[in-house]
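Structure data follow from data-v5.txt (compact mmCIF, C-alpha atoms and all ligand atoms):
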```txt
# COMPACT_ATOMS: atom_id res chain seq x y z
CA MET Q 15 -5.41 6.25 -38.39
CA THR Q 16 -3.11 8.97 -37.01
CA SER Q 17 0.58 9.01 -37.77
CA THR Q 18 3.40 10.83 -36.04
CA LEU Q 19 6.91 11.35 -37.35
CA ILE Q 20 9.63 11.58 -34.70
CA CYS Q 21 12.44 13.24 -36.62
CA ASN Q 22 15.94 14.50 -35.92
CA ILE Q 23 16.76 11.65 -33.51
CA GLY Q 24 20.48 11.85 -32.73
CA GLU Q 25 20.64 8.27 -31.42
CA LEU Q 26 17.75 5.82 -31.73
CA VAL Q 27 17.93 2.73 -29.52
CA THR Q 28 15.81 0.05 -31.17
CA ASN Q 29 16.97 -3.08 -29.25
CA GLU Q 30 16.71 -4.82 -32.62
CA SER Q 31 20.01 -6.65 -32.98
CA ALA Q 32 19.65 -6.85 -36.78
CA THR Q 33 19.17 -3.08 -37.06
CA GLY Q 34 21.68 -0.23 -37.24
CA GLU Q 35 24.85 -0.90 -35.27
CA GLY Q 36 23.60 -4.28 -34.07
CA SER Q 37 23.69 -6.11 -30.77
CA PRO Q 38 22.50 -5.42 -28.18
CA LEU Q 39 20.96 -1.97 -28.72
CA GLY Q 40 20.48 -1.81 -32.50
CA LEU Q 41 21.58 1.85 -32.54
CA MET Q 42 20.64 4.12 -35.45
CA ARG Q 43 22.23 7.57 -35.81
CA ASP Q 44 20.43 10.65 -37.19
CA ALA Q 45 17.31 8.56 -37.62
CA ALA Q 46 13.56 9.05 -37.62
CA MET Q 47 10.63 6.88 -36.55
CA VAL Q 48 7.01 6.77 -37.65
CA VAL Q 49 4.33 5.89 -35.10
CA GLN Q 50 0.90 4.92 -36.30
CA ASP Q 51 -2.02 4.05 -34.04
CA GLY Q 52 0.18 3.29 -31.08
CA ARG Q 53 2.70 1.12 -32.88
CA VAL Q 54 6.08 1.67 -34.51
CA ALA Q 55 5.26 1.79 -38.23
CA ALA Q 56 8.70 2.56 -39.71
CA LEU Q 57 12.32 3.22 -38.80
CA ILE Q 58 14.06 5.65 -41.14
CA ALA Q 59 17.85 5.66 -41.48
CA ALA Q 60 19.94 8.81 -41.97
CA GLY Q 61 19.54 10.25 -45.46
CA GLU Q 62 16.36 8.36 -46.32
CA PRO Q 63 13.33 10.49 -47.33
CA LEU Q 64 10.92 11.38 -44.52
CA PRO Q 65 7.27 10.41 -45.09
CA GLN Q 66 4.32 12.79 -44.71
CA CYS Q 67 2.62 12.27 -41.33
CA ASP Q 68 -0.28 13.88 -39.48
CA GLU Q 69 2.08 15.40 -36.94
CA CYS Q 70 5.81 15.77 -36.39
CA VAL Q 71 7.87 15.78 -33.20
CA ASP Q 72 11.39 17.17 -33.58
CA ALA Q 73 13.72 15.36 -31.15
CA GLY Q 74 16.33 18.05 -31.72
CA GLY Q 75 19.23 15.61 -31.99
CA ALA Q 76 18.42 13.89 -28.70
CA ALA Q 77 18.46 10.17 -27.96
CA VAL Q 78 15.24 8.16 -28.17
CA ILE Q 79 15.03 4.89 -26.23
CA PRO Q 80 12.36 2.25 -25.63
CA ALA Q 81 10.49 3.29 -22.47
CA PHE Q 82 11.71 1.32 -19.47
CA VAL Q 83 9.98 -1.95 -18.59
CA ASP Q 84 9.95 -2.05 -14.77
CA SER Q 85 9.05 -5.68 -14.12
CA HIS Q 86 9.11 -5.85 -10.30
CA ASN Q 87 7.08 -3.51 -8.06
CA HIS Q 88 4.93 -3.46 -4.94
CA LEU Q 89 2.74 -0.38 -5.57
CA LEU Q 90 -0.30 -1.50 -3.55
CA PHE Q 91 0.38 -0.29 -0.05
CA ALA Q 92 -0.29 2.40 2.51
CA GLY Q 93 1.91 3.88 5.20
CA ASP Q 94 5.46 5.03 5.59
CA ARG Q 95 8.68 3.31 6.69
CA SER Q 96 11.08 6.22 6.74
CA THR Q 97 11.81 5.58 10.43
CA GLU Q 98 12.86 2.02 9.59
CA PHE Q 99 15.06 3.36 6.78
CA ALA Q 100 16.73 5.88 9.10
CA ALA Q 101 17.36 3.13 11.68
CA ARG Q 102 18.88 0.95 8.98
CA MET Q 103 21.18 3.75 7.86
CA ALA Q 104 22.18 4.04 11.54
CA GLY Q 105 23.29 0.42 11.54
CA GLN Q 106 20.28 -1.90 11.88
CA SER Q 107 20.02 -4.75 9.39
CA TYR Q 108 17.16 -5.29 6.92
CA GLU Q 109 14.81 -8.14 7.76
CA ALA Q 110 11.56 -9.30 6.17
CA GLY Q 111 9.76 -8.50 9.46
CA GLY Q 112 9.42 -4.83 8.47
CA ILE Q 113 6.80 -5.91 5.94
CA MET Q 114 4.25 -6.22 8.79
CA THR Q 115 4.38 -2.45 9.37
CA THR Q 116 3.10 -1.94 5.85
CA VAL Q 117 0.58 -4.79 6.21
CA SER Q 118 -1.07 -3.01 9.18
CA ALA Q 119 -1.30 0.30 7.33
CA THR Q 120 -2.56 -1.36 4.12
CA ARG Q 121 -5.27 -3.33 5.89
CA ALA Q 122 -6.53 -0.08 7.47
CA ALA Q 123 -6.47 1.96 4.24
CA THR Q 124 -9.44 2.59 1.96
CA SER Q 125 -9.35 1.20 -1.57
CA GLU Q 126 -9.52 4.79 -2.86
CA ALA Q 127 -6.36 5.70 -0.95
CA LEU Q 128 -4.57 2.57 -2.19
CA LEU Q 129 -5.57 3.33 -5.78
CA ALA Q 130 -4.45 6.95 -5.51
CA ASN Q 131 -1.07 5.88 -4.11
CA ALA Q 132 -0.50 3.32 -6.87
CA LEU Q 133 -1.42 5.83 -9.57
CA ARG Q 134 0.80 8.50 -8.02
CA LEU Q 135 3.76 6.11 -8.08
CA ALA Q 136 2.99 5.00 -11.64
CA ALA Q 137 2.93 8.66 -12.73
CA GLU Q 138 6.22 9.25 -10.92
CA ALA Q 139 7.74 6.26 -12.74
CA ARG Q 140 6.44 7.49 -16.07
CA SER Q 141 8.00 10.92 -15.59
CA GLN Q 142 11.34 9.09 -15.32
CA GLY Q 143 10.91 7.14 -18.54
CA THR Q 144 8.96 4.04 -17.55
CA GLY Q 145 6.36 2.89 -20.04
CA THR Q 146 5.50 -0.58 -18.71
CA LEU Q 147 5.00 -1.58 -15.08
CA GLU Q 148 4.33 -4.78 -13.18
CA THR Q 149 2.84 -4.56 -9.70
CA LYS Q 150 2.22 -7.08 -6.93
CA THR Q 151 -0.14 -7.56 -4.03
CA GLY Q 152 1.32 -8.84 -0.76
CA TYR Q 153 0.59 -6.31 1.95
CA ALA Q 154 -2.82 -7.63 3.04
CA LEU Q 155 -2.16 -11.34 3.70
CA THR Q 156 -5.83 -12.31 4.10
CA PRO Q 157 -8.12 -13.74 1.39
CA ASP Q 158 -10.38 -10.68 1.25
CA GLY Q 159 -7.46 -8.30 1.59
CA GLU Q 160 -5.35 -9.83 -1.17
CA LEU Q 161 -8.36 -9.99 -3.51
CA ARG Q 162 -9.12 -6.34 -2.70
CA LEU Q 163 -5.55 -5.44 -3.68
CA LEU Q 164 -5.99 -7.31 -6.96
CA ASP Q 165 -9.15 -5.29 -7.62
CA VAL Q 166 -7.32 -2.05 -6.87
CA ALA Q 167 -4.47 -3.17 -9.17
CA ASN Q 168 -6.92 -3.84 -11.99
CA GLN Q 169 -8.52 -0.42 -11.46
CA ALA Q 170 -5.07 1.16 -11.56
CA ALA Q 171 -4.27 -0.68 -14.81
CA ALA Q 172 -7.54 0.53 -16.33
CA ALA Q 173 -6.68 4.13 -15.37
CA ASP Q 174 -2.99 4.04 -16.34
CA PRO Q 175 -1.97 2.05 -19.44
CA SER Q 176 1.61 1.79 -18.22
CA ILE Q 177 0.46 -0.75 -15.59
CA THR Q 178 0.26 -3.88 -17.70
CA ASP Q 179 1.06 -6.83 -15.45
CA ILE Q 180 -0.52 -7.80 -12.13
CA THR Q 181 0.96 -10.38 -9.76
CA LEU Q 182 -0.56 -12.18 -6.78
CA LEU Q 183 2.02 -12.18 -3.98
CA ALA Q 184 -0.18 -13.45 -1.17
CA ALA Q 185 2.88 -15.54 -0.18
CA HIS Q 186 4.91 -12.47 0.81
CA VAL Q 187 5.22 -13.43 4.50
CA ALA Q 188 2.86 -15.34 6.80
CA PRO Q 189 0.50 -13.08 8.75
CA PRO Q 190 1.06 -13.03 12.53
CA GLU Q 191 -2.30 -14.69 13.15
CA MET Q 192 -1.35 -18.07 11.61
CA SER Q 193 1.56 -20.41 10.88
CA ALA Q 194 3.30 -20.36 7.51
CA ASP Q 195 1.99 -23.88 6.73
CA ASP Q 196 -1.62 -22.92 7.55
CA TYR Q 197 -1.30 -19.74 5.50
CA VAL Q 198 0.11 -21.62 2.51
CA ARG Q 199 -2.91 -23.99 2.65
CA LEU Q 200 -5.21 -20.93 2.70
CA ILE Q 201 -3.41 -19.43 -0.30
CA VAL Q 202 -3.58 -22.69 -2.27
CA ASP Q 203 -7.17 -23.63 -1.40
CA GLY Q 204 -8.76 -20.19 -1.01
CA ILE Q 205 -6.89 -17.21 -2.41
CA ILE Q 206 -5.51 -18.60 -5.68
CA PRO Q 207 -8.80 -20.10 -6.95
CA ALA Q 208 -10.58 -16.80 -6.22
CA ALA Q 209 -7.78 -14.80 -7.85
CA ALA Q 210 -7.88 -16.67 -11.17
CA GLY Q 211 -8.55 -14.20 -13.97
CA ARG Q 212 -7.59 -11.21 -11.82
CA ALA Q 213 -3.79 -11.72 -11.89
CA GLN Q 214 -1.53 -12.81 -14.74
CA TRP Q 215 1.26 -13.88 -12.39
CA ILE Q 216 1.84 -15.76 -9.12
CA ASP Q 217 4.86 -14.94 -6.96
CA ALA Q 218 6.24 -15.99 -3.57
CA PHE Q 219 9.02 -14.77 -1.27
CA CYS Q 220 11.32 -17.77 -0.88
CA ASP Q 221 13.78 -16.86 1.86
CA VAL Q 222 14.57 -16.95 5.55
CA GLY Q 223 11.78 -15.23 7.47
CA ALA Q 224 9.31 -15.83 4.63
CA PHE Q 225 8.56 -19.22 2.98
CA ASP Q 226 10.72 -22.29 2.36
CA VAL Q 227 11.18 -24.08 -0.95
CA GLU Q 228 8.45 -26.67 -0.30
CA GLN Q 229 5.90 -23.99 0.63
CA CYS Q 230 6.78 -21.89 -2.43
CA HIS Q 231 6.55 -24.98 -4.64
CA ALA Q 232 2.99 -25.51 -3.40
CA VAL Q 233 2.02 -21.87 -4.04
CA LEU Q 234 3.58 -21.66 -7.51
CA THR Q 235 2.17 -24.95 -8.77
CA ALA Q 236 -1.30 -23.95 -7.53
CA GLY Q 237 -0.91 -20.63 -9.35
CA ALA Q 238 0.15 -22.41 -12.53
CA ALA Q 239 -2.89 -24.68 -12.28
CA ALA Q 240 -5.05 -21.54 -12.06
CA GLY Q 241 -3.50 -20.24 -15.30
CA MET Q 242 -0.95 -17.83 -13.83
CA GLY Q 243 2.63 -17.42 -14.99
CA LEU Q 244 5.36 -17.93 -12.40
CA ARG Q 245 7.82 -15.51 -10.80
CA LEU Q 246 9.78 -15.91 -7.57
CA HIS Q 247 11.54 -13.68 -5.02
CA ALA Q 248 14.74 -15.71 -4.98
CA ASN Q 249 18.05 -15.51 -3.11
CA GLN Q 250 17.59 -11.98 -1.75
CA LEU Q 251 18.66 -12.44 1.88
CA SER Q 252 20.19 -15.92 1.71
CA ASN Q 253 20.41 -18.99 -0.51
CA ILE Q 254 17.84 -21.63 0.46
CA GLY Q 255 17.46 -23.00 -3.08
CA ALA Q 256 14.95 -20.51 -4.50
CA VAL Q 257 16.68 -19.97 -7.84
CA GLN Q 258 16.83 -23.72 -8.38
CA LEU Q 259 13.09 -23.90 -7.69
CA ALA Q 260 12.36 -21.07 -10.13
CA VAL Q 261 14.33 -22.84 -12.86
CA GLU Q 262 12.83 -26.26 -12.07
CA LEU Q 263 9.29 -24.84 -12.40
CA GLY Q 264 10.08 -22.81 -15.54
CA ALA Q 265 9.40 -19.46 -13.89
CA ALA Q 266 9.57 -16.41 -16.14
CA SER Q 267 11.78 -14.65 -13.64
CA ALA Q 268 13.84 -15.18 -10.49
CA ASP Q 269 13.97 -11.81 -8.77
CA HIS Q 270 16.76 -10.33 -6.60
CA CYS Q 271 19.45 -13.05 -7.16
CA THR Q 272 21.81 -11.43 -4.68
CA HIS Q 273 23.24 -14.62 -3.15
CA LEU Q 274 24.05 -17.05 -5.97
CA SER Q 275 26.19 -20.18 -6.18
CA ASP Q 276 27.95 -21.23 -9.38
CA ALA Q 277 25.30 -23.95 -9.71
CA ASP Q 278 22.53 -21.30 -9.55
CA ILE Q 279 24.18 -19.31 -12.34
CA ALA Q 280 24.62 -22.45 -14.43
CA ALA Q 281 20.98 -23.39 -13.87
CA LEU Q 282 19.79 -19.92 -14.94
CA ALA Q 283 22.07 -19.98 -17.99
CA SER Q 284 20.58 -23.23 -19.22
CA SER Q 285 16.98 -22.07 -18.70
CA ALA Q 286 14.48 -19.52 -19.99
CA THR Q 287 14.23 -17.97 -16.52
CA VAL Q 288 15.33 -14.32 -16.47
CA ALA Q 289 17.45 -13.10 -13.54
CA THR Q 290 15.78 -9.84 -12.49
CA LEU Q 291 18.24 -7.75 -10.49
CA LEU Q 292 16.98 -5.07 -8.09
CA PRO Q 293 20.06 -3.09 -7.07
CA ALA Q 294 18.08 -0.20 -5.57
CA SER Q 295 17.00 -2.60 -2.79
CA ASP Q 296 20.61 -3.59 -2.18
CA PHE Q 297 21.54 0.11 -2.13
CA CYS Q 298 18.74 0.98 0.32
CA THR Q 299 19.44 -1.97 2.61
CA ARG Q 300 23.25 -1.75 2.45
CA SER Q 301 23.40 -5.28 1.07
CA PRO Q 302 25.82 -6.78 -1.43
CA TYR Q 303 24.92 -6.29 -5.08
CA PRO Q 304 24.00 -9.28 -7.27
CA PRO Q 305 26.83 -10.74 -9.39
CA ALA Q 306 25.63 -9.21 -12.65
CA ARG Q 307 28.93 -9.71 -14.46
CA ARG Q 308 29.06 -13.43 -13.66
CA LEU Q 309 25.44 -13.80 -14.80
CA LEU Q 310 26.01 -11.95 -18.08
CA ASP Q 311 29.27 -13.70 -18.81
CA ALA Q 312 27.52 -17.04 -18.29
CA GLY Q 313 24.84 -16.08 -20.83
CA VAL Q 314 21.96 -15.50 -18.41
CA THR Q 315 19.23 -13.08 -19.56
CA VAL Q 316 19.32 -10.23 -17.04
CA ALA Q 317 16.57 -7.71 -16.31
CA LEU Q 318 16.78 -4.61 -14.13
CA ALA Q 319 13.83 -3.27 -12.14
CA THR Q 320 13.24 -0.78 -9.32
CA ASN Q 321 11.35 -3.02 -6.84
CA CYS Q 322 9.44 0.08 -5.74
CA ASN Q 323 8.10 -0.67 -2.24
CA PRO Q 324 8.00 1.29 1.01
CA GLY Q 325 10.51 -0.93 2.84
CA SER Q 326 13.54 -2.06 0.90
CA SER Q 327 13.49 0.25 -2.15
CA PHE Q 328 11.28 3.32 -2.17
CA THR Q 329 12.22 4.53 -5.63
CA THR Q 330 10.51 4.50 -9.03
CA SER Q 331 13.62 5.62 -10.90
CA MET Q 332 14.91 3.28 -13.60
CA PRO Q 333 17.71 5.78 -14.46
CA PHE Q 334 18.90 5.43 -10.85
CA VAL Q 335 18.85 1.63 -11.22
CA ILE Q 336 20.84 1.90 -14.46
CA ALA Q 337 23.44 4.12 -12.77
CA LEU Q 338 23.79 1.56 -9.94
CA ALA Q 339 24.04 -1.33 -12.39
CA VAL Q 340 26.84 0.38 -14.30
CA ARG Q 341 28.81 1.79 -11.35
CA GLU Q 342 28.28 -0.93 -8.76
CA MET Q 343 27.59 -4.09 -10.77
CA HIS Q 344 29.99 -3.50 -13.67
CA MET Q 345 27.37 -3.74 -16.39
CA THR Q 346 28.21 -1.71 -19.49
CA CYS Q 347 25.95 1.27 -20.27
CA ALA Q 348 24.52 -0.71 -23.21
CA GLU Q 349 23.90 -3.85 -21.13
CA ALA Q 350 22.18 -1.84 -18.40
CA LEU Q 351 19.85 -0.09 -20.84
CA TRP Q 352 19.03 -3.37 -22.60
CA SER Q 353 18.26 -5.04 -19.25
CA ALA Q 354 16.05 -2.11 -18.19
CA THR Q 355 14.02 -2.36 -21.41
CA ALA Q 356 14.22 -5.61 -23.41
CA GLY Q 357 15.33 -7.55 -20.32
CA GLY Q 358 12.28 -6.37 -18.37
CA ALA Q 359 10.07 -7.35 -21.29
CA ALA Q 360 11.65 -10.84 -21.30
CA ALA Q 361 10.99 -11.13 -17.56
CA LEU Q 362 7.31 -10.43 -18.29
CA ARG Q 363 7.40 -12.69 -21.38
CA ARG Q 364 6.27 -9.79 -23.55
CA THR Q 365 7.45 -9.26 -27.11
CA ASP Q 366 5.43 -6.07 -27.75
CA VAL Q 367 7.35 -3.70 -25.44
CA GLY Q 368 10.98 -3.03 -24.53
CA HIS Q 369 12.09 -2.52 -28.14
CA LEU Q 370 11.26 -0.21 -31.03
CA GLY Q 371 11.13 -2.65 -33.91
CA VAL Q 372 8.39 -2.21 -36.51
CA GLY Q 373 5.14 -3.50 -35.00
CA ALA Q 374 6.18 -2.93 -31.37
CA GLN Q 375 4.04 -0.81 -29.10
CA ALA Q 376 5.22 2.78 -29.42
CA ARG Q 377 6.31 3.14 -25.82
CA PHE Q 378 9.40 5.32 -25.96
CA ALA Q 379 11.21 8.12 -24.15
CA ILE Q 380 12.95 11.16 -25.62
CA LEU Q 381 15.95 12.03 -23.47
CA ASP Q 382 17.41 15.44 -22.73
CA ALA Q 383 20.74 13.95 -23.78
CA PRO Q 384 22.51 12.99 -27.00
CA SER Q 385 23.06 9.33 -26.06
CA HIS Q 386 21.84 6.59 -23.71
CA THR Q 387 25.24 6.67 -21.97
CA TYR Q 388 24.10 9.83 -20.19
CA LEU Q 389 21.66 7.77 -18.09
CA ALA Q 390 24.65 6.51 -16.08
CA TYR Q 391 27.04 9.36 -16.89
CA ARG Q 392 24.73 11.96 -15.29
CA PRO Q 393 23.38 10.11 -12.22
CA GLY Q 394 20.54 11.77 -10.36
CA VAL Q 395 19.81 14.26 -13.16
CA PRO Q 396 16.29 14.19 -14.67
CA LEU Q 397 17.06 13.38 -18.31
CA VAL Q 398 13.67 12.24 -19.60
CA ARG Q 399 12.08 14.98 -21.72
CA ARG Q 400 8.98 13.13 -22.83
CA VAL Q 401 7.50 9.64 -22.53
CA HIS Q 402 5.04 8.14 -24.97
CA SER Q 403 3.16 5.11 -23.68
CA GLN Q 404 -0.39 5.31 -24.98
CA PRO Q 405 -2.18 2.00 -25.48
CA VAL Q 406 -2.34 0.65 -28.98
CA GLY Q 407 -5.35 2.18 -30.78
O1 LIG Z 1 11.20 -7.33 -2.86
N1 LIG Z 1 11.57 -9.23 -0.52
C1 LIG Z 1 10.43 -9.06 -0.28
N2 LIG Z 1 9.64 -8.04 -0.60
C2 LIG Z 1 10.11 -6.72 -0.88
C3 LIG Z 1 10.34 -5.93 0.35
C4 LIG Z 1 9.12 -5.58 1.00
C5 LIG Z 1 9.23 -4.70 2.20
O2 LIG Z 1 10.28 -4.61 2.88
O3 LIG Z 1 8.18 -4.12 2.46
C6 LIG Z 1 11.35 -6.79 -1.76
O4 LIG Z 1 12.42 -6.31 -1.39
```
Could you spell out this file's structure in structure tokens?
Amino acid sequence: MTSTLICNIGELVTNESATGEGSPLGLMRDAAMVVQDGRVAALIAAGEPLPQCDECVDAGGAAVIPAFVDSHNHLLFAGDRSTEFAARMAGQSYEAGGIMTTVSATRAATSEALLANALRLAAEARSQGTGTLETKTGYALTPDGELRLLDVANQAAAADPSITDITLLAAHVAPPEMSADDYVRLIVDGIIPAAAGRAQWIDAFCDVGAFDVEQCHAVLTAGAAAGMGLRLHANQLSNIGAVQLAVELGAASADHCTHLSDADIAALASSATVATLLPASDFCTRSPYPPARRLLDAGVTVALATNCNPGSSFTTSMPFVIALAVREMHMTCAEALWSATAGGAAALRRTDVGHLGVGAQARFAILDAPSHTYLAYRPGVPLVRRVHSQPVG
């Protein structure tokens, strides 16, 4: 049993609405926190006596926040799409077809290279305050290839405890060698049964240029039958009814949510499906931003994630996403931080991360700043001094 006292915390964000200054961030001022064997053991308010611990970390008056929960990523890839990005910035539009460039490079890459790339990106994310990461397959699009990516993802998770959630996204786009209907049959009859036990989640890209609602319904229900939780790429490029499908099937998360009708927002508000917004992709593809304000005002649970991938959003920076959410999507600084931490945890249906209540995993970041507001107030500045995200002992 080792215990660590984090003392002299100027602002402690607990995300416990019953704690400190209450909803949504549960702020405590001039506080301290005890961590024991990887979990939060005690929160100590200003003026209360500090316990004896094995070691002490002096936060020096800085803010301490739950480490970010980045619930949507595509870290299993090879290759580079900077030329496509430059062309887009010169006026070309973003289409799902660019995914095939990454598919070719990923199919040709060794598993060692894919693992090294995923771990490099996870380390990059961690240095910017991320303590929990989801990652997807989706750049192989063959049975052997998708299963190989799942194996690499599991190796990455074993090597880096911040990678906690693995998603099968065989239904990213149809490979050029077969029709979408034939590929969906292959996913349902071949890939999903073989993937059971290797992925916690099943996902599909439900949009123009990818898969329609009926095809995604088939993939998600097959995944559910194999024991996987459901997530869906929904309403990124258009509105073909993906959010409605996610809600109907009880998906944990509908991701992107850029093009939403009032009925979509109402459906999300009356469900347990989290709307995971990925504004870095909208930034990098010069697309409209999702209607975060309408979602929040309707009572929808909103998460923020980076969507790190080589095509639409090659960033691992949750602080950048927070700055976009505040400046471009009119979320408050508190809402954006909550969505990047507790919201991400809700999107992964996890109660052990994304907050610093007693008993939570001690995944937290010490900022080089006196308050969480600085994450949006000082955009582009590296403000994360230290991240703690060791597995529970
Ligand atoms: O979430 N929308 C589909 N998939 C990724 C983009 C993948 C790519 O362009 O390589 C996304 O934005």
Counting all atoms listed in the file, which residue out of Q:Cys322, Q:Leu234, Q:Ile23, Q:Ala277 sits closest to ligand LIG 1 (chain Z)? Q:Cys322
Counting only C-alpha atoms, which residue out of Q:Ala376, Q:Ile216, Q:Leu370, Q:Cys230 sits closest to Ile180 of chain Q? Q:Ile216
Could you tell me, counting only C-alpha atoms and all ligand atoms, which protein and nucleic acid residues lie no more than 9 Å from ligand LIG 1 (chain Z), written as a PDB file with C-alpha atoms, keeping the file's coordinate frame?
```pdb
ATOM      1  CA  HIS Q  86       9.110  -5.850 -10.300  1.00  0.00           C
ATOM      2  CA  ASN Q  87       7.080  -3.510  -8.060  1.00  0.00           C
ATOM      3  CA  HIS Q  88       4.930  -3.460  -4.940  1.00  0.00           C
ATOM      4  CA  ARG Q  95       8.680   3.310   6.690  1.00  0.00           C
ATOM      5  CA  TYR Q 108      17.160  -5.290   6.920  1.00  0.00           C
ATOM      6  CA  GLU Q 109      14.810  -8.140   7.760  1.00  0.00           C
ATOM      7  CA  ALA Q 110      11.560  -9.300   6.170  1.00  0.00           C
ATOM      8  CA  GLY Q 111       9.760  -8.500   9.460  1.00  0.00           C
ATOM      9  CA  GLY Q 112       9.420  -4.830   8.470  1.00  0.00           C
ATOM     10  CA  ILE Q 113       6.800  -5.910   5.940  1.00  0.00           C
ATOM     11  CA  MET Q 114       4.250  -6.220   8.790  1.00  0.00           C
ATOM     12  CA  THR Q 115       4.380  -2.450   9.370  1.00  0.00           C
ATOM     13  CA  THR Q 116       3.100  -1.940   5.850  1.00  0.00           C
ATOM     14  CA  VAL Q 117       0.580  -4.790   6.210  1.00  0.00           C
ATOM     15  CA  GLY Q 152       1.320  -8.840  -0.760  1.00  0.00           C
ATOM     16  CA  TYR Q 153       0.590  -6.310   1.950  1.00  0.00           C
ATOM     17  CA  HIS Q 186       4.910 -12.470   0.810  1.00  0.00           C
ATOM     18  CA  VAL Q 187       5.220 -13.430   4.500  1.00  0.00           C
ATOM     19  CA  ALA Q 218       6.240 -15.990  -3.570  1.00  0.00           C
ATOM     20  CA  PHE Q 219       9.020 -14.770  -1.270  1.00  0.00           C
ATOM     21  CA  CYS Q 220      11.320 -17.770  -0.880  1.00  0.00           C
ATOM     22  CA  ASP Q 221      13.780 -16.860   1.860  1.00  0.00           C
ATOM     23  CA  ALA Q 224       9.310 -15.830   4.630  1.00  0.00           C
ATOM     24  CA  HIS Q 247      11.540 -13.680  -5.020  1.00  0.00           C
ATOM     25  CA  ALA Q 248      14.740 -15.710  -4.980  1.00  0.00           C
ATOM     26  CA  GLN Q 250      17.590 -11.980  -1.750  1.00  0.00           C
ATOM     27  CA  LEU Q 251      18.660 -12.440   1.880  1.00  0.00           C
ATOM     28  CA  ASP Q 269      13.970 -11.810  -8.770  1.00  0.00           C
ATOM     29  CA  HIS Q 270      16.760 -10.330  -6.600  1.00  0.00           C
ATOM     30  CA  LEU Q 292      16.980  -5.070  -8.090  1.00  0.00           C
ATOM     31  CA  SER Q 295      17.000  -2.600  -2.790  1.00  0.00           C
ATOM     32  CA  ASP Q 296      20.610  -3.590  -2.180  1.00  0.00           C
ATOM     33  CA  ASN Q 321      11.350  -3.020  -6.840  1.00  0.00           C
ATOM     34  CA  CYS Q 322       9.440   0.080  -5.740  1.00  0.00           C
ATOM     35  CA  ASN Q 323       8.100  -0.670  -2.240  1.00  0.00           C
ATOM     36  CA  PRO Q 324       8.000   1.290   1.010  1.00  0.00           C
ATOM     37  CA  GLY Q 325      10.510  -0.930   2.840  1.00  0.00           C
ATOM     38  CA  SER Q 326      13.540  -2.060   0.900  1.00  0.00           C
ATOM     39  CA  SER Q 327      13.490   0.250  -2.150  1.00  0.00           C
TER      40      SER Q 327
END
```
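The space separating atom CA of Val257 of chain Q from atom CA of Asp278 of chain Q comes to 6.2 Å.
In this comparison, which uses all atoms listed in the file, the residue of Q:Ile20, Q:Leu263, Q:Ala209, Q:Ala317 approaching Val288 of chain Q most closely is Q:Ala317.
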So, counting all atoms listed in the file, which residue among Q:Tyr391, Q:Asn253, Q:Arg300, Q:Arg307 is closest to Phe99 of chain Q? Q:Arg300
Nearest to Leu90 of chain Q: which of Q:Leu64, Q:Ala208, Q:Ala171, Q:Val78 is it, counting all atoms listed in the file? Q:Ala171
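Among the candidates Q:Met103, Q:Ala383, Q:Leu182, Q:Ala356, the residue lying nearest to Arg162 of chain Q is Q:Leu182 (atoms considered: all atoms listed in the file).
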Selection near Pro38 of chain Q, 10 Å with only C-alpha atoms, sequence-local residues under 3 positions removed, as an mmCIF file with C-alpha atoms, keeping the file's coordinate frame:
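Saved result, result_22.cif, follows:
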```cif
data_model
loop_
_atom_site.group_PDB
_atom_site.id
_atom_site.type_symbol
_atom_site.label_atom_id
_atom_site.label_comp_id
_atom_site.auth_asym_id
_atom_site.auth_seq_id
_atom_site.Cartn_x
_atom_site.Cartn_y
_atom_site.Cartn_z
ATOM 1 C CA VAL Q 27 17.930 2.730 -29.520
ATOM 2 C CA THR Q 28 15.810 0.050 -31.170
ATOM 3 C CA ASN Q 29 16.970 -3.080 -29.250
ATOM 4 C CA GLU Q 30 16.710 -4.820 -32.620
ATOM 5 C CA SER Q 31 20.010 -6.650 -32.980
ATOM 6 C CA ALA Q 32 19.650 -6.850 -36.780
ATOM 7 C CA THR Q 33 19.170 -3.080 -37.060
ATOM 8 C CA GLU Q 35 24.850 -0.900 -35.270
ATOM 9 C CA LEU Q 41 21.580 1.850 -32.540
ATOM 10 C CA ALA Q 348 24.520 -0.710 -23.210
ATOM 11 C CA GLU Q 349 23.900 -3.850 -21.130
ATOM 12 C CA LEU Q 351 19.850 -0.090 -20.840
ATOM 13 C CA TRP Q 352 19.030 -3.370 -22.600
ATOM 14 C CA SER Q 353 18.260 -5.040 -19.250
ATOM 15 C CA ALA Q 356 14.220 -5.610 -23.410
#
```
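Reported to one decimal place, the separation of atom CA of Asp382 of chain Q from atom CA of Leu397 of chain Q is 4.9 Å.
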Once 4 Å is added on each side, what are the centre and the three edge lengths, in Å to one decimal, of the axis-aligned box enclosing the listed atoms of segment 364-381 of chain Q? Present them as lines of an AutoDock Vina configuration file.
```
center_x = 10.0
center_y = 1.1
center_z = -30.0
size_x = 19.9
size_y = 29.8
size_z = 21.0
```
Hey, can you pull every residue with an atom no more than 10 Å from (9.7, -1.4, -18.2), using only C-alpha atoms, and send it as a PyMOL selection string? chain Q and resi 80-86+139-140+143-148+176-178+317-320+332+353-359+361-362+367-368+377
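Shell of His344 of chain Q at 12 Å, with all atoms listed in the file counted and residues fewer than 2 places along the chain excluded, is Q:Pro293, Q:Tyr303, Q:Pro304, Q:Pro305, Q:Ala306, Q:Arg307, Q:Arg308, Q:Leu309, Q:Leu310, Q:Asp311, Q:Ile336, Q:Ala337, Q:Leu338, Q:Ala339, Q:Val340, Q:Arg341, Q:Glu342, Q:Thr346, Q:Cys347, Q:Ala348, Q:Glu349, Q:Ala350, Q:Ala390.
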